[in-house]
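Q: Input structure: data.cif, which contains mmCIF, C-alpha atoms.
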data_query
#
loop_
_atom_site.label_atom_id
_atom_site.label_comp_id
_atom_site.auth_asym_id
_atom_site.auth_seq_id
_atom_site.Cartn_x
_atom_site.Cartn_y
_atom_site.Cartn_z
CA MET A 1 6.52 -21.47 51.52
CA ASN A 2 7.38 -17.84 50.68
CA TYR A 3 6.54 -15.98 47.49
CA PHE A 4 9.87 -16.73 45.81
CA GLU A 5 9.49 -20.44 46.49
CA ILE A 6 5.96 -20.35 45.08
CA ILE A 7 7.18 -18.63 41.93
CA GLU A 8 10.03 -21.10 41.48
CA SER A 9 7.78 -24.12 42.13
CA TYR A 10 5.67 -23.41 39.04
CA GLN A 11 8.76 -23.39 36.79
CA LEU A 12 7.26 -20.99 34.28
CA SER A 13 9.16 -19.13 31.60
CA THR A 14 9.22 -15.33 31.44
CA LEU A 15 6.76 -15.51 28.55
CA GLU A 16 4.39 -17.73 30.55
CA TRP A 17 4.50 -15.39 33.55
CA GLY A 18 3.83 -12.46 31.24
CA ALA A 19 0.85 -14.26 29.71
CA ALA A 20 -0.55 -15.17 33.15
CA LEU A 21 -0.18 -11.63 34.51
CA THR A 22 -1.81 -10.22 31.37
CA ALA A 23 -4.71 -12.65 31.75
CA ILE A 24 -5.23 -11.59 35.39
CA PHE A 25 -5.15 -7.92 34.38
CA VAL A 26 -7.74 -8.65 31.68
CA LEU A 27 -9.83 -10.51 34.28
CA GLY A 28 -9.96 -7.32 36.36
CA VAL A 29 -10.94 -5.29 33.30
CA GLY A 30 -13.65 -7.81 32.39
CA LYS A 31 -15.14 -7.95 35.88
CA ALA A 32 -15.41 -4.17 35.83
CA GLY A 33 -17.91 -4.53 33.02
CA LEU A 34 -16.17 -5.16 29.70
CA LYS A 35 -17.87 -8.47 29.03
CA GLY A 36 -16.67 -11.05 26.52
CA LEU A 37 -13.10 -11.42 27.80
CA GLY A 38 -13.60 -14.58 29.85
CA VAL A 39 -12.70 -17.12 27.19
CA VAL A 40 -9.42 -15.34 26.43
CA ILE A 41 -8.53 -15.53 30.13
CA VAL A 42 -9.49 -19.19 30.44
CA VAL A 43 -7.57 -20.21 27.30
CA THR A 44 -4.46 -18.28 28.39
CA LEU A 45 -4.36 -19.74 31.89
CA ALA A 46 -5.08 -23.23 30.54
CA PHE A 47 -2.01 -22.97 28.32
CA VAL A 48 0.14 -21.76 31.22
CA PHE A 49 -1.04 -23.98 34.11
CA GLY A 50 -2.98 -26.81 32.45
CA GLU A 51 -6.70 -27.07 31.84
CA LYS A 52 -8.00 -28.45 35.14
CA ALA A 53 -5.39 -26.87 37.42
CA SER A 54 -6.08 -23.45 35.94
CA THR A 55 -9.73 -23.60 37.09
CA GLY A 56 -8.58 -23.80 40.72
CA ILE A 57 -6.08 -20.98 40.28
CA LEU A 58 -8.67 -18.77 38.63
CA LEU A 59 -11.63 -19.30 40.99
CA PRO A 60 -10.34 -17.39 44.08
CA LEU A 61 -9.41 -14.51 41.77
CA LEU A 62 -12.92 -14.54 40.31
CA VAL A 63 -14.40 -14.33 43.81
CA THR A 64 -12.09 -11.41 44.65
CA ALA A 65 -13.07 -9.58 41.47
CA ASP A 66 -16.75 -10.37 42.07
CA ILE A 67 -16.53 -8.70 45.50
CA MET A 68 -15.13 -5.53 43.92
CA ALA A 69 -17.83 -5.56 41.23
CA VAL A 70 -20.62 -6.15 43.77
CA ILE A 71 -19.43 -3.19 45.84
CA TYR A 72 -19.01 -0.86 42.88
CA TYR A 73 -22.25 -1.74 41.04
CA LYS A 74 -24.43 -2.57 44.08
CA ARG A 75 -27.13 -0.05 43.08
CA TYR A 76 -27.91 -1.77 39.78
CA VAL A 77 -28.71 -5.38 40.70
CA ARG A 78 -31.99 -6.94 39.48
CA TRP A 79 -32.72 -9.53 42.14
CA ASN A 80 -35.64 -11.10 40.27
CA ILE A 81 -33.22 -12.18 37.53
CA VAL A 82 -30.67 -13.43 40.06
CA PHE A 83 -33.29 -15.62 41.76
CA LYS A 84 -34.60 -16.86 38.42
CA LEU A 85 -31.20 -18.10 37.23
CA LEU A 86 -29.48 -19.03 40.50
CA PRO A 87 -31.16 -22.39 41.34
CA TRP A 88 -30.50 -23.73 37.85
CA MET A 89 -26.90 -22.53 37.92
CA LEU A 90 -26.27 -24.29 41.24
CA ILE A 91 -27.67 -27.53 39.81
CA GLY A 92 -25.41 -27.08 36.79
CA VAL A 93 -22.40 -26.65 39.10
CA VAL A 94 -23.15 -29.96 40.84
CA ILE A 95 -23.50 -31.75 37.48
CA GLY A 96 -20.28 -30.17 36.24
CA THR A 97 -18.45 -31.26 39.41
CA TRP A 98 -19.52 -34.87 38.91
CA VAL A 99 -18.68 -34.92 35.19
CA GLY A 100 -15.35 -33.14 35.60
CA ASN A 101 -14.24 -35.37 38.46
CA ASP A 102 -14.60 -38.58 36.47
CA ILE A 103 -12.87 -37.64 33.22
CA SER A 104 -9.23 -37.51 32.19
CA GLU A 105 -7.24 -34.32 31.65
CA PHE A 106 -7.33 -34.98 27.88
CA VAL A 107 -11.12 -35.28 27.80
CA PHE A 108 -11.45 -32.31 30.15
CA LYS A 109 -9.39 -30.21 27.73
CA LYS A 110 -11.49 -31.27 24.74
CA MET A 111 -14.72 -30.60 26.64
CA MET A 112 -13.54 -27.09 27.51
CA ALA A 113 -12.64 -26.44 23.88
CA ILE A 114 -15.98 -27.70 22.55
CA ILE A 115 -17.87 -25.57 25.07
CA ILE A 116 -15.85 -22.52 24.02
CA VAL A 117 -16.54 -23.04 20.32
CA VAL A 118 -20.27 -23.75 20.85
CA VAL A 119 -20.72 -20.75 23.14
CA ILE A 120 -18.96 -18.42 20.71
CA GLY A 121 -21.14 -19.76 17.89
CA ILE A 122 -24.28 -19.03 19.93
CA MET A 123 -23.05 -15.53 20.74
CA MET A 124 -22.32 -14.81 17.08
CA PHE A 125 -25.81 -16.02 16.18
CA PHE A 126 -27.41 -13.66 18.68
CA GLU A 127 -25.18 -10.78 17.54
CA LYS A 128 -26.35 -11.17 13.92
CA ARG A 129 -29.97 -12.07 14.58
CA LYS A 130 -32.36 -9.30 13.59
CA THR A 131 -35.33 -9.70 15.93
CA THR A 132 -37.16 -7.81 18.62
CA ILE A 133 -38.52 -10.95 20.29
CA VAL A 134 -37.27 -11.25 23.87
CA PRO A 135 -37.17 -14.86 25.18
CA THR A 136 -38.40 -14.41 28.75
CA ASN A 137 -40.06 -17.80 29.26
CA LYS A 138 -39.03 -20.16 32.06
CA ILE A 139 -37.63 -22.81 29.71
CA PHE A 140 -35.17 -20.34 28.21
CA ALA A 141 -34.11 -19.03 31.64
CA SER A 142 -33.73 -22.51 33.17
CA SER A 143 -31.79 -23.95 30.22
CA MET A 144 -29.43 -20.97 30.14
CA GLY A 145 -28.97 -21.16 33.91
CA LEU A 146 -28.26 -24.89 33.82
CA LEU A 147 -25.75 -24.51 30.98
CA ALA A 148 -24.10 -21.54 32.71
CA GLY A 149 -23.70 -23.52 35.94
CA PHE A 150 -22.23 -26.51 34.12
CA THR A 151 -19.79 -24.42 32.08
CA THR A 152 -18.69 -22.30 35.04
CA MET A 153 -17.68 -25.47 36.91
CA ILE A 154 -16.02 -27.20 33.97
CA GLY A 155 -13.92 -24.24 32.93
CA ASN A 156 -15.13 -20.92 34.40
CA LEU A 157 -16.82 -20.34 31.03
CA ALA A 158 -20.28 -19.19 32.06
CA GLY A 159 -19.72 -15.54 31.16
CA PRO A 160 -20.67 -15.90 27.48
CA ILE A 161 -23.79 -17.90 28.43
CA SER A 162 -24.99 -15.24 30.86
CA ASN A 163 -24.14 -12.57 28.30
CA ILE A 164 -26.50 -14.25 25.83
CA TYR A 165 -29.32 -14.24 28.39
CA PHE A 166 -28.78 -10.64 29.50
CA LEU A 167 -28.53 -9.45 25.91
CA ALA A 168 -31.71 -11.34 25.04
CA ILE A 169 -33.70 -9.61 27.80
CA ARG A 170 -32.33 -6.21 26.75
CA PHE A 171 -30.53 -5.34 29.98
CA PRO A 172 -29.12 -1.79 30.23
CA LYS A 173 -25.35 -1.67 30.72
CA ASN A 174 -25.20 -0.98 34.47
CA GLU A 175 -27.95 -3.46 35.34
CA PHE A 176 -26.18 -6.03 33.16
CA ILE A 177 -22.94 -5.56 35.12
CA GLY A 178 -24.51 -5.29 38.58
CA THR A 179 -26.78 -8.31 38.22
CA ALA A 180 -24.00 -10.46 36.74
CA ALA A 181 -21.69 -9.43 39.58
CA TRP A 182 -24.05 -10.66 42.30
CA LEU A 183 -25.03 -13.79 40.39
CA PHE A 184 -21.46 -14.94 39.83
CA PHE A 185 -20.31 -13.94 43.29
CA ILE A 186 -22.86 -16.32 44.82
CA VAL A 187 -22.14 -19.11 42.32
CA ASN A 188 -18.36 -18.80 42.58
CA VAL A 189 -18.47 -18.96 46.37
CA PHE A 190 -20.69 -22.05 46.05
CA LYS A 191 -18.03 -23.65 43.83
CA LEU A 192 -15.18 -23.21 46.32
CA PRO A 193 -15.78 -26.37 48.44
CA PHE A 194 -15.94 -28.54 45.31
CA HIS A 195 -12.55 -27.25 44.19
CA PHE A 196 -11.08 -27.69 47.67
CA TYR A 197 -12.42 -31.13 48.58
CA VAL A 198 -13.57 -32.89 45.39
CA TRP A 199 -11.24 -31.79 42.60
CA GLU A 200 -8.51 -30.58 44.99
CA THR A 201 -7.49 -27.90 42.49
CA ILE A 202 -7.29 -25.18 45.17
CA THR A 203 -4.32 -25.72 47.48
CA PHE A 204 -2.16 -23.59 49.79
CA LYS A 205 0.29 -23.35 46.93
CA SER A 206 -2.32 -22.07 44.47
CA LEU A 207 -3.66 -19.62 47.06
CA GLY A 208 -0.14 -18.27 47.51
CA LEU A 209 -0.03 -17.69 43.76
CA ASN A 210 -3.38 -15.89 44.01
CA LEU A 211 -1.89 -13.43 46.52
CA ILE A 212 0.80 -12.58 43.99
CA PHE A 213 -1.82 -11.96 41.30
CA ILE A 214 -4.30 -9.87 43.34
CA PRO A 215 -2.55 -6.47 42.94
CA ILE A 216 -2.63 -6.92 39.15
CA LEU A 217 -6.30 -7.89 39.38
CA ILE A 218 -7.15 -4.72 41.33
CA ILE A 219 -5.31 -2.50 38.85
CA GLY A 220 -7.16 -4.18 35.98
CA PHE A 221 -10.52 -3.64 37.67
CA PHE A 222 -10.10 0.10 38.07
CA VAL A 223 -8.76 0.45 34.53
CA GLY A 224 -11.86 -1.43 33.39
CA VAL A 225 -14.16 0.90 35.32
CA LYS A 226 -12.73 3.87 33.41
CA LEU A 227 -12.99 2.07 30.08
CA VAL A 228 -16.63 1.10 30.66
CA GLU A 229 -17.48 4.79 30.95
CA LYS A 230 -15.81 5.73 27.66
CA ILE A 231 -15.62 2.87 25.14
CA SER A 232 -18.23 1.90 22.57
CA ASN A 233 -18.60 -1.88 22.52
CA THR A 234 -19.84 -2.44 18.94
CA ASN A 235 -16.56 -3.19 17.13
CA TYR A 236 -14.90 -4.30 20.35
CA ARG A 237 -17.45 -7.09 20.85
CA LYS A 238 -16.87 -8.35 17.31
CA PHE A 239 -13.15 -8.43 17.96
CA ILE A 240 -13.57 -10.38 21.20
CA LEU A 241 -15.87 -12.89 19.51
CA ALA A 242 -13.27 -13.52 16.82
CA VAL A 243 -10.37 -13.82 19.28
CA THR A 244 -12.21 -16.17 21.61
CA ALA A 245 -13.36 -18.37 18.73
CA ILE A 246 -9.75 -18.69 17.57
CA GLY A 247 -8.68 -19.45 21.15
CA GLY A 248 -11.27 -22.22 21.42
CA LEU A 249 -10.13 -23.78 18.14
CA ILE A 250 -6.48 -23.68 19.26
CA LEU A 251 -7.43 -25.38 22.53
CA LEU A 252 -9.50 -27.96 20.68
CA PHE A 253 -6.63 -29.05 18.42
CA ARG A 254 -3.81 -28.61 20.95
CA GLN A 255 -1.94 -31.85 21.57
#
As structure tokens, what does this structure read like?
A:
Amino acid sequence: MNYFEIIESYQLSTLEWGAALTAIFVLGVGKAGLKGLGVVIVVTLAFVFGEKASTGILLPLLVTADIMAVIYYKRYVRWNIVFKLLPWMLIGVVIGTWVGNDISEFVFKKMMAIIIVVVIGIMMFFEKRKTTIVPTNKIFASSMGLLAGFTTMIGNLAGPISNIYFLAIRFPKNEFIGTAAWLFFIVNVFKLPFHFYVWETITFKSLGLNLIFIPILIIGFFVGVKLVEKISNTNYRKFILAVTAIGGLILLFRQ
């Protein structure tokens, strides 16, 4: 199947292709370090390709972007944090695989929406909370890791969860990006066999679509690198929180 046949097989409108390409560009920007964009990407691709199918289309692109981020920010990784969260995230992935495999598309969609709304609510709480207490205990780390693993398998939605943890432990910007890059690279590679052999959401057809999207992803990543160096995130983060909350509500009530 050549590229033109792949494009025709998805039977998308010009608007849907535009939305998908924009989401992939934003994915590249987000993986370069502008955190908080993940829910927008997930909601957009869910509208275009369907909730469960979109997770399989997105995952190989996430791995590709993770590789770029790992290479670019390799000097800033905090391995003690990676090893603290990783086992719990892998357990969460296994639980998410089992849950997601035994539910209908309708329930899967509602579960994604509820997770989005809850995660955005938690992020808003942490944004407004005026405290200097840093939750570094094992219970906090393990619960956040478990939830991140579950949400990354159900709908590639772990980004906001990890953001909460990294913000809570007061990570500097570059260590935030570098540590997240390695953590999600390992977890996303771990997820690949489940999507291939259990959910069967990654196919030769979806991989062909990924090849079409990769140039846009690369452009987005390098645009994001430049933006990370220049943009203040204060008002931007508030905007992203609002947009993603609206996106989650739309997905929740979508028929």
Q: Find the nearest atom pair between each residue of segment 163-182 of chain A and segment 14-35 of chain A for residues within 10 Å, count all atoms listed in the file, give distances in Å to one decimal, sort rows by chain and ascending number, and present the table as a tab-separated table.
A:
residue	atom	partner	partner_atom	distance
A:Asn163	CA	A:Lys35	CA	7.5
A:Lys173	CA	A:Gly33	CA	8.3
A:Asn174	CA	A:Gly33	CA	8.2
A:Phe176	CA	A:Gly33	CA	8.4
A:Ile177	CA	A:Gly33	CA	5.5
A:Gly178	CA	A:Gly33	CA	8.7
A:Ala180	CA	A:Lys31	CA	9.2
A:Ala181	CA	A:Lys31	CA	7.7
Q: Give me, as a list in words, all polymer residues having an atom no more than 7 Å from Ile6 of chain A, counting only C-alpha atoms and skipping those fewer than 6 positions away in the same chain.
A: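 The neighbour list is Lys205, Gly208 and Leu209 of chain A.
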Q: Choose the residue, out of A:Met153, A:Ile186, A:Val93, A:Ile212, that has the smallest atom-to-atom separation from Val63 of chain A; count only C-alpha atoms.
A: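 Smallest distance to Val63 of chain A is found for A:Ile186.
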Q: Distance atom CA of Ala46 of chain A-atom CA of Ser9 of chain A, one decimal place?
A: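 Those two atoms sit 17.3 Å apart.
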Q: Calculate, to one decimal in Å, the centre and edge lengths of the box along x, y and z of the file that holds all listed atoms of segment 96-111 of chain A with 5 Å of margin on each side, and present them as lines of an AutoDock Vina configuration file.
A:
center_x = -13.8
center_y = -34.4
center_z = 32.1
size_x = 23.0
size_y = 18.4
size_z = 24.7
Q: Give me the residues of segment 163-223 of chain A that have any atom at most 12 Å from an atom of segment 99-105 of chain A; for each, the nearest atom pair and the distance in Å, rounded to one decimal. Use only C-alpha atoms, sort by chain and number, and format it as a tab-separated table.
A:
residue	atom	partner	partner_atom	distance
A:Phe194	CA	A:Asn101	CA	9.8
A:His195	CA	A:Asn101	CA	10.1
A:Tyr197	CA	A:Asn101	CA	11.1
A:Val198	CA	A:Asn101	CA	7.4
A:Trp199	CA	A:Asn101	CA	6.2
A:Glu200	CA	A:Asn101	CA	9.9
A:Thr201	CA	A:Asn101	CA	10.8
Q: I'd like the interatomic distance between atom CA of Asn210 of chain A and atom CA of Ala65 of chain A, to a tenth of an Å.
A: 11.8 Å
Q: Of the candidates A:Ile91, A:Val82, A:Val39, A:Val70, which shows the shortest atom-to-atom distance to Ile115 of chain A, using all atoms listed in the file?
A: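 Closest residue, counting all atoms listed in the file: A:Val39.
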Q: Find the distance between atom CA of Glu175 of chain A and atom CA of Leu227 of chain A and write it in Å to one decimal.
A: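 Separation between atom CA of Glu175 of chain A and atom CA of Leu227 of chain A: 16.8 Å.
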Q: Smallest atom-to-atom distance to Leu146 of chain A: which of A:Leu192, A:Gly121, A:Phe106, A:Pro87, using all atoms listed in the file?
A: A:Pro87
Q: With the PyMOL selection byres ((chain A and resi 58) around 9) as the selection, what would be picked from this file? Answer as JSON, numbers by chain, please.
A: {"A": [24, 42, 45, 53, 54, 55, 56, 57, 59, 60, 61, 62, 63, 156, 210]}
Q: Got a sec: who's within 9 Å of Ala148 of chain A, counting all atoms listed in the file, leaving out chain neighbours fewer than 6 positions off, as a VMD selection string?
A: chain A and resid 88 to 89 92 to 93 157 to 162
Q: Rank A:Val40, A:Ile164, A:Ile216, A:Ala141 by their smallest atom-to-atom distance to Phe83 of chain A, using all atoms listed in the file, and report the top residue only.
A: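 Checking each of A:Val40, A:Ile164, A:Ile216, A:Ala141 against Phe83 of chain A, counting all atoms listed in the file, the winner is A:Ala141.
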Q: Point out the residue among A:Leu217, A:Val117, A:Met144, A:Leu183 with the least atom-to-atom distance to Tyr165 of chain A, counting only C-alpha atoms.
A: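 Selected residue with least distance to Tyr165 of chain A: A:Met144.
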